[in-house]
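Printed here is work-v7.cif (mmCIF, C-alpha atoms and all ligand atoms):
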data_model
loop_
_atom_site.label_atom_id
_atom_site.label_comp_id
_atom_site.auth_asym_id
_atom_site.auth_seq_id
_atom_site.Cartn_x
_atom_site.Cartn_y
_atom_site.Cartn_z
CA MET A 111 0.00 0.00 0.00
CA ASN A 112 2.86 2.42 0.30
CA SER A 113 5.16 2.20 -2.67
CA MET A 114 5.19 4.97 -5.20
CA HIS A 115 4.48 3.83 -8.67
CA SER A 116 4.75 6.01 -11.69
CA MET A 117 4.22 4.32 -14.98
CA ASN A 118 5.86 4.93 -18.26
CA CYS A 119 3.35 6.72 -20.45
CA SER A 120 4.95 5.45 -23.64
CA ASP A 121 3.46 1.98 -23.56
CA LEU A 122 -0.13 1.89 -22.41
CA ARG A 123 -1.26 -0.96 -24.60
CA HIS A 124 -0.74 -3.57 -21.92
CA MET A 125 -1.69 -1.38 -19.00
CA THR A 126 -3.39 -3.11 -16.08
CA LEU A 127 -4.83 -1.83 -12.80
CA GLN A 128 -1.43 -2.51 -11.22
CA ASP A 129 0.15 0.08 -13.51
CA ILE A 130 -2.09 2.90 -12.32
CA CYS A 131 -0.13 5.67 -10.59
CA SER A 132 -0.60 6.05 -6.85
CA TYR A 133 1.40 6.94 -3.78
CA LEU A 134 1.26 7.36 -0.04
CA PRO A 135 0.80 11.11 0.42
CA PRO A 136 2.74 13.26 2.91
CA TYR A 137 1.36 13.48 6.46
CA ALA A 138 -0.69 10.29 6.02
CA LEU A 139 -1.76 8.60 9.22
CA PRO A 140 -0.60 5.01 9.86
CA TYR A 141 -2.79 2.81 7.69
CA THR A 142 -5.83 1.35 9.41
CA ALA A 143 -8.14 -1.03 7.56
CA LYS A 144 -11.67 0.34 7.42
CA LYS A 145 -14.90 -0.86 5.92
CA LYS A 146 -15.71 2.28 3.98
CA LEU A 147 -13.83 4.36 1.44
CA LEU A 148 -14.33 7.95 0.33
CA LEU A 149 -12.83 8.74 -3.06
CA CYS A 150 -12.39 12.44 -3.77
CA ASP A 151 -11.55 14.23 -6.89
CA ARG A 152 -8.90 16.82 -5.97
CA ASP A 153 -9.37 20.03 -7.97
CA GLY A 154 -12.81 21.52 -7.37
CA VAL A 155 -13.46 19.27 -4.38
CA LEU A 156 -10.57 19.73 -1.94
CA ASN A 157 -9.00 22.81 -3.49
CA GLU A 158 -10.19 25.49 -5.85
CA ASP A 159 -10.06 24.42 -9.49
CA THR A 160 -8.19 27.25 -11.16
CA HIS A 161 -7.83 25.16 -14.36
CA PHE A 162 -4.86 22.79 -14.11
CA PRO A 163 -3.76 24.11 -10.70
CA HIS A 164 -0.15 23.12 -10.06
CA LEU A 165 1.58 26.18 -8.58
CA MET A 166 1.51 27.26 -4.93
CA GLN A 167 -0.20 30.50 -5.91
CA ASP A 168 -3.11 28.41 -7.23
CA LEU A 169 -3.55 26.43 -4.02
CA ARG A 170 -6.61 27.41 -2.05
CA ILE A 171 -8.38 24.80 0.05
CA LEU A 172 -12.15 25.02 -0.34
CA PRO A 173 -14.22 26.08 2.69
CA GLY A 174 -15.21 23.14 4.85
CA ALA A 175 -13.05 20.59 2.97
CA ALA A 176 -10.82 19.77 5.95
CA GLU A 177 -13.80 19.54 8.29
CA ALA A 178 -15.52 17.22 5.80
CA LEU A 179 -12.48 14.91 5.72
CA ARG A 180 -12.43 14.82 9.52
CA MET A 181 -16.13 13.93 9.56
CA PHE A 182 -15.72 11.12 7.03
CA ARG A 183 -12.78 9.68 8.95
CA ALA A 184 -14.69 9.81 12.23
CA ALA A 185 -17.53 7.97 10.49
CA GLY A 186 -15.26 5.07 9.53
CA TYR A 187 -13.96 5.99 6.10
CA ASN A 188 -10.51 5.76 4.65
CA ILE A 189 -9.96 8.59 2.19
CA ALA A 190 -8.18 8.61 -1.16
CA VAL A 191 -7.88 11.10 -4.00
CA VAL A 192 -8.57 10.08 -7.59
CA SER A 193 -7.37 12.85 -9.88
CA ASN A 194 -7.13 13.33 -13.63
CA GLN A 195 -3.87 15.21 -14.21
CA GLY A 196 -3.91 15.39 -17.97
CA GLY A 197 -1.79 18.55 -17.77
CA ILE A 198 1.20 16.31 -17.06
CA GLY A 199 0.71 14.28 -20.24
CA MET A 200 0.01 17.45 -22.19
CA GLY A 201 3.33 18.88 -21.04
CA LEU A 202 1.72 21.83 -19.26
CA TYR A 203 3.66 21.05 -16.05
CA PRO A 204 6.03 18.34 -14.84
CA GLU A 205 4.91 15.58 -12.51
CA ALA A 206 7.23 17.09 -9.87
CA ASP A 207 4.88 20.09 -9.64
CA PHE A 208 1.99 17.72 -8.96
CA PHE A 209 3.89 16.23 -6.00
CA THR A 210 4.93 19.62 -4.66
CA PHE A 211 1.35 20.85 -4.87
CA ASN A 212 0.11 17.73 -3.06
CA GLU A 213 2.75 18.16 -0.37
CA GLU A 214 1.49 21.63 0.47
CA LEU A 215 -2.16 20.58 0.16
CA CYS A 216 -1.55 17.73 2.62
CA ARG A 217 0.39 20.01 4.97
CA LEU A 218 -2.46 22.53 5.09
CA LEU A 219 -5.03 19.77 5.59
CA ALA A 220 -2.95 18.17 8.36
CA GLN A 221 -2.83 21.53 10.14
CA GLU A 222 -6.61 21.18 10.37
CA GLY A 223 -6.51 17.53 11.42
CA ALA A 224 -7.42 16.14 8.01
CA TYR A 225 -5.44 13.43 6.22
CA LEU A 226 -5.40 11.50 2.97
CA ASP A 227 -4.56 7.79 2.81
CA ARG A 228 -3.63 7.49 -0.85
CA ILE A 229 -3.44 9.59 -3.97
CA TYR A 230 -4.24 8.05 -7.36
CA TRP A 231 -3.68 10.02 -10.50
CA CYS A 232 -3.85 9.71 -14.25
CA PRO A 233 -1.12 11.66 -16.04
CA HIS A 234 -2.45 10.87 -19.49
CA PRO A 235 -3.90 13.58 -21.74
CA GLU A 236 -7.52 13.72 -22.81
CA GLY A 237 -8.03 11.62 -25.90
CA GLN A 238 -5.46 9.03 -24.85
CA THR A 239 -7.45 6.00 -25.94
CA ASP A 240 -5.29 3.26 -24.42
CA CYS A 241 -5.16 4.66 -20.90
CA ILE A 242 -7.45 2.83 -18.48
CA CYS A 243 -7.29 5.40 -15.67
CA ARG A 244 -8.52 8.73 -16.99
CA LYS A 245 -12.02 9.40 -15.66
CA PRO A 246 -14.74 8.72 -16.89
CA LYS A 247 -12.94 5.38 -17.08
CA PRO A 248 -13.20 3.53 -13.77
CA GLY A 249 -9.58 2.33 -13.49
CA MET A 250 -8.50 4.47 -10.52
CA ILE A 251 -11.66 3.57 -8.59
CA LEU A 252 -11.26 -0.15 -9.25
CA ARG A 253 -7.60 -0.03 -8.23
CA ALA A 254 -8.47 1.84 -5.03
CA MET A 255 -11.21 -0.64 -4.16
CA ALA A 256 -8.73 -3.50 -4.56
CA ASP A 257 -6.04 -1.70 -2.52
CA PHE A 258 -8.39 -0.87 0.34
CA GLY A 259 -10.32 -4.15 0.16
CA VAL A 260 -13.76 -2.53 0.12
CA ARG A 261 -17.00 -3.52 -1.53
CA GLU A 262 -18.78 -1.45 -4.16
CA GLU A 263 -21.59 -0.58 -1.75
CA ASP A 264 -19.10 0.81 0.77
CA VAL A 265 -17.51 3.33 -1.60
CA LEU A 266 -18.57 6.93 -2.05
CA LEU A 267 -17.09 9.15 -4.76
CA ALA A 268 -17.24 12.95 -4.70
CA GLY A 269 -16.41 14.93 -7.82
CA ASP A 270 -17.34 18.17 -9.52
CA ARG A 271 -17.37 16.95 -13.12
CA PHE A 272 -19.63 14.57 -14.99
CA SER A 273 -16.56 12.46 -15.74
CA ASP A 274 -16.27 11.84 -11.98
CA VAL A 275 -19.80 10.57 -11.52
CA GLN A 276 -19.66 8.68 -14.81
CA ALA A 277 -16.54 6.90 -13.59
CA ALA A 278 -18.32 6.09 -10.34
CA SER A 279 -21.25 4.71 -12.30
CA SER A 280 -18.93 2.54 -14.42
CA ALA A 281 -17.35 1.18 -11.25
CA HIS A 282 -20.79 0.55 -9.73
CA VAL A 283 -20.15 2.86 -6.77
CA GLN A 284 -22.19 5.80 -5.53
CA GLY A 285 -21.06 9.08 -7.05
CA TYR A 286 -22.03 12.56 -5.94
CA LEU A 287 -21.73 15.63 -8.11
CA LEU A 288 -20.51 18.58 -6.06
CA ARG A 289 -21.38 22.13 -7.05
CA SER A 290 -18.07 23.40 -5.68
CA GLY A 291 -16.09 23.26 -8.92
CA TRP A 292 -16.63 23.12 -12.66
CA TRP A 293 -19.92 21.25 -12.82
CA ARG A 294 -21.78 24.29 -14.15
CA ASP A 295 -19.57 24.38 -17.22
CA GLU A 296 -20.15 20.77 -18.08
CA LYS A 297 -22.46 19.75 -20.89
CA GLY A 298 -25.42 17.70 -19.79
CA ASN A 299 -27.87 17.79 -16.95
CA PRO A 300 -26.48 17.94 -13.42
CA GLY A 301 -29.98 17.02 -12.18
CA ASP A 302 -29.34 13.50 -13.44
CA TRP A 303 -26.92 12.84 -10.59
CA PRO A 304 -27.11 12.85 -6.81
CA ALA A 305 -25.61 16.17 -5.78
CA ALA A 306 -24.37 18.27 -2.89
CA ASP A 307 -23.11 21.84 -2.67
CA SER A 308 -19.70 20.89 -1.30
CA LEU A 309 -17.75 18.08 0.30
CA ARG A 310 -18.82 19.56 3.64
CA ASP A 311 -22.47 19.26 2.65
CA LEU A 312 -21.92 15.69 1.49
CA ALA A 313 -20.30 14.91 4.82
CA ALA A 314 -23.35 16.28 6.63
CA LEU A 315 -25.47 13.95 4.50
CA LYS A 316 -23.35 10.81 4.65
CA ALA A 317 -20.74 10.94 7.38
CA TYR A 318 -21.88 11.09 10.90
CA ALA A 319 -20.13 9.01 13.53
CA GLY A 320 -22.04 5.86 14.28
CA ASN A 321 -23.46 5.65 10.79
CA ASP A 322 -22.61 2.12 9.79
CA LYS A 323 -24.28 2.15 6.41
CA ILE A 324 -24.17 4.01 3.15
CA ASP A 325 -27.73 4.00 1.87
ZN ZN B 401 -4.49 7.36 -17.47
#
Translate the structure of the given file into structure tokens.
Amino acid sequence: MNSMHSMNCSDLRHMTLQDICSYLPPYALPYTAKKKLLLCDRDGVLNEDTHFPHLMQDLRILPGAAEALRMFRAAGYNIAVVSNQGGIGMGLYPEADFFTFNEELCRLLAQEGAYLDRIYWCPHPEGQTDCICRKPKPGMILRAMADFGVREEDVLLAGDRFSDVQAASSAHVQGYLLRSGWWRDEKGNPGDWPAADSLRDLAALKAYAGNDKID
């Protein structure tokens, strides 16, 4: 569960779930097996989506995000990020910037008592047909479910784009469309998906201590 894996983007034809990029983020708590798993998109859910945010000046944690993570953890969830980072594959920024950004994000969250257990990311650009991880494909979700040993019915995914909830649907897990990011610019009907205003609002709905079920 704790080795960094970064795959070579040049040969995706034989990519399997094991090749999906993930790592143990800074400030993570010692791993504890839990029954439930919250999967969060990063940009537009934990931090403001300034369109390919990767510089410190772009890093602003969304109101209530840290509190929401604390609530989910108290309610028996492990928490992982599943993030499309097509800007890496497009050459907009190096992968090192992604790690530096995450380091600061995790530091700021830890200051508020909130922690991430794993970060999954897809570095492949939009239109990369062989990649199995870029949402709306379900690869990152399936890999996370295998890593954390959770059942479909015990996974909750929070994202601000249709590709997030579509990926959740493909993986047969419950997805929630948050109105905290880019959802309003997406084509389609947000009313088609279960929704919440923010991760904090979703936590109020789904994560109260003692709640043993996701319904
Ligand atoms: Zn990918």
List the neighbours of A:Ala138 out to 6 Å using only C-alpha atoms; skip same-chain residues closer than 2 positions along the sequence, and give me the result as an MDAnalysis selection string. chainID A and resid 135:136 225:227
re atom CA of A:Ser308 and atom CA of A:Val155: distance 7.1 Å
Around ligand ZN 401 (chain B), out to 7 Å and counting all atoms listed in the file, which residues are there? I want them as a ChimeraX atom specification. /A:232-234,241-244
Taking (-16.1, 0.1, -14.1) in the file's coordinates as the center, which residues reach within 12 Å of it, counting only C-alpha atoms, put as JSON, numbers by chain? {"A": [127, 242, 243, 244, 245, 246, 247, 248, 249, 250, 251, 252, 253, 254, 255, 262, 274, 275, 276, 277, 278, 279, 280, 281, 282, 283, 284]}
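Note that atom CA of A:Asp270 and atom CA of A:Leu315 are 16.7 Å apart.
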Which residue out of A:Asp264, A:Leu169, A:Ala178, A:Arg289 has the minimum interatomic distance to A:Arg217 when only C-alpha atoms are used?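 When distances to A:Arg217 are compared using only C-alpha atoms, the smallest one comes from A:Leu169.
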Shortest interatomic distance to A:Trp303 - which of A:Gln221, A:Gln195, A:Asn188, A:Ser273, counting all atoms listed in the file: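 Going through A:Gln221, A:Gln195, A:Asn188, A:Ser273 one by one, the smallest distance to A:Trp303 is for A:Ser273.
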Close residues, A:Met166 itself excluded, 12 Å, all atoms listed in the file, min 5 positions apart in chain, as a list in words: Asn157, Glu158, Thr160, Ile171, Asp207, Phe208, Phe209, Thr210, Phe211, Asn212, Glu213, Glu214, Leu215 and Leu218 of chain A
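Interatomic distance, atom CA of A:Phe182 to atom CA of A:Leu156: 13.5 Å.
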Around all the atoms of stretch 259-277 of chain A listed in the file, draw an axis-aligned box and extend it by 8 Å on each of the six sides; I want its centre and edge lengths in Å to one decimal, as JSON.
{"center_x": -16.0, "center_y": 7.0, "center_z": -7.5, "size_x": 27.3, "size_y": 38.3, "size_z": 32.5}
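For the choices A:Ile189, A:Met181, A:Ala313, A:Leu287, the atom-to-atom distance to A:Val265 is smallest for A:Ile189 when using all atoms listed in the file.
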Need to verify the contact set: A:Ser290, 12 Å, all atoms listed in the file, exclusion of same-chain residues closer than 2 positions in sequence. Can you return it as an NGL selection string? :A and (151-160 or 171-175 or 268-271 or 286-288 or 292-295 or 305-312)
Determine the nearest neighbour of A:Cys150 from the options A:His124, A:Arg180, A:His164, A:Arg228, counting all atoms listed in the file.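 Ranking A:His124, A:Arg180, A:His164, A:Arg228 by distance to A:Cys150, first place goes to A:Arg228.
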Choose the residue, out of A:Gly291, A:Gly186, A:Glu222, A:Met200, that has the smallest atom-to-atom separation from A:Lys146; count all atoms listed in the file. A:Gly186
Pick out the closest residue to A:Glu177 from this set: A:Asp302, A:Leu165, A:Ala224, A:Ala317. Count all atoms listed in the file.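 Once distances to A:Glu177 are computed over all atoms listed in the file, the minimum belongs to A:Ala224.
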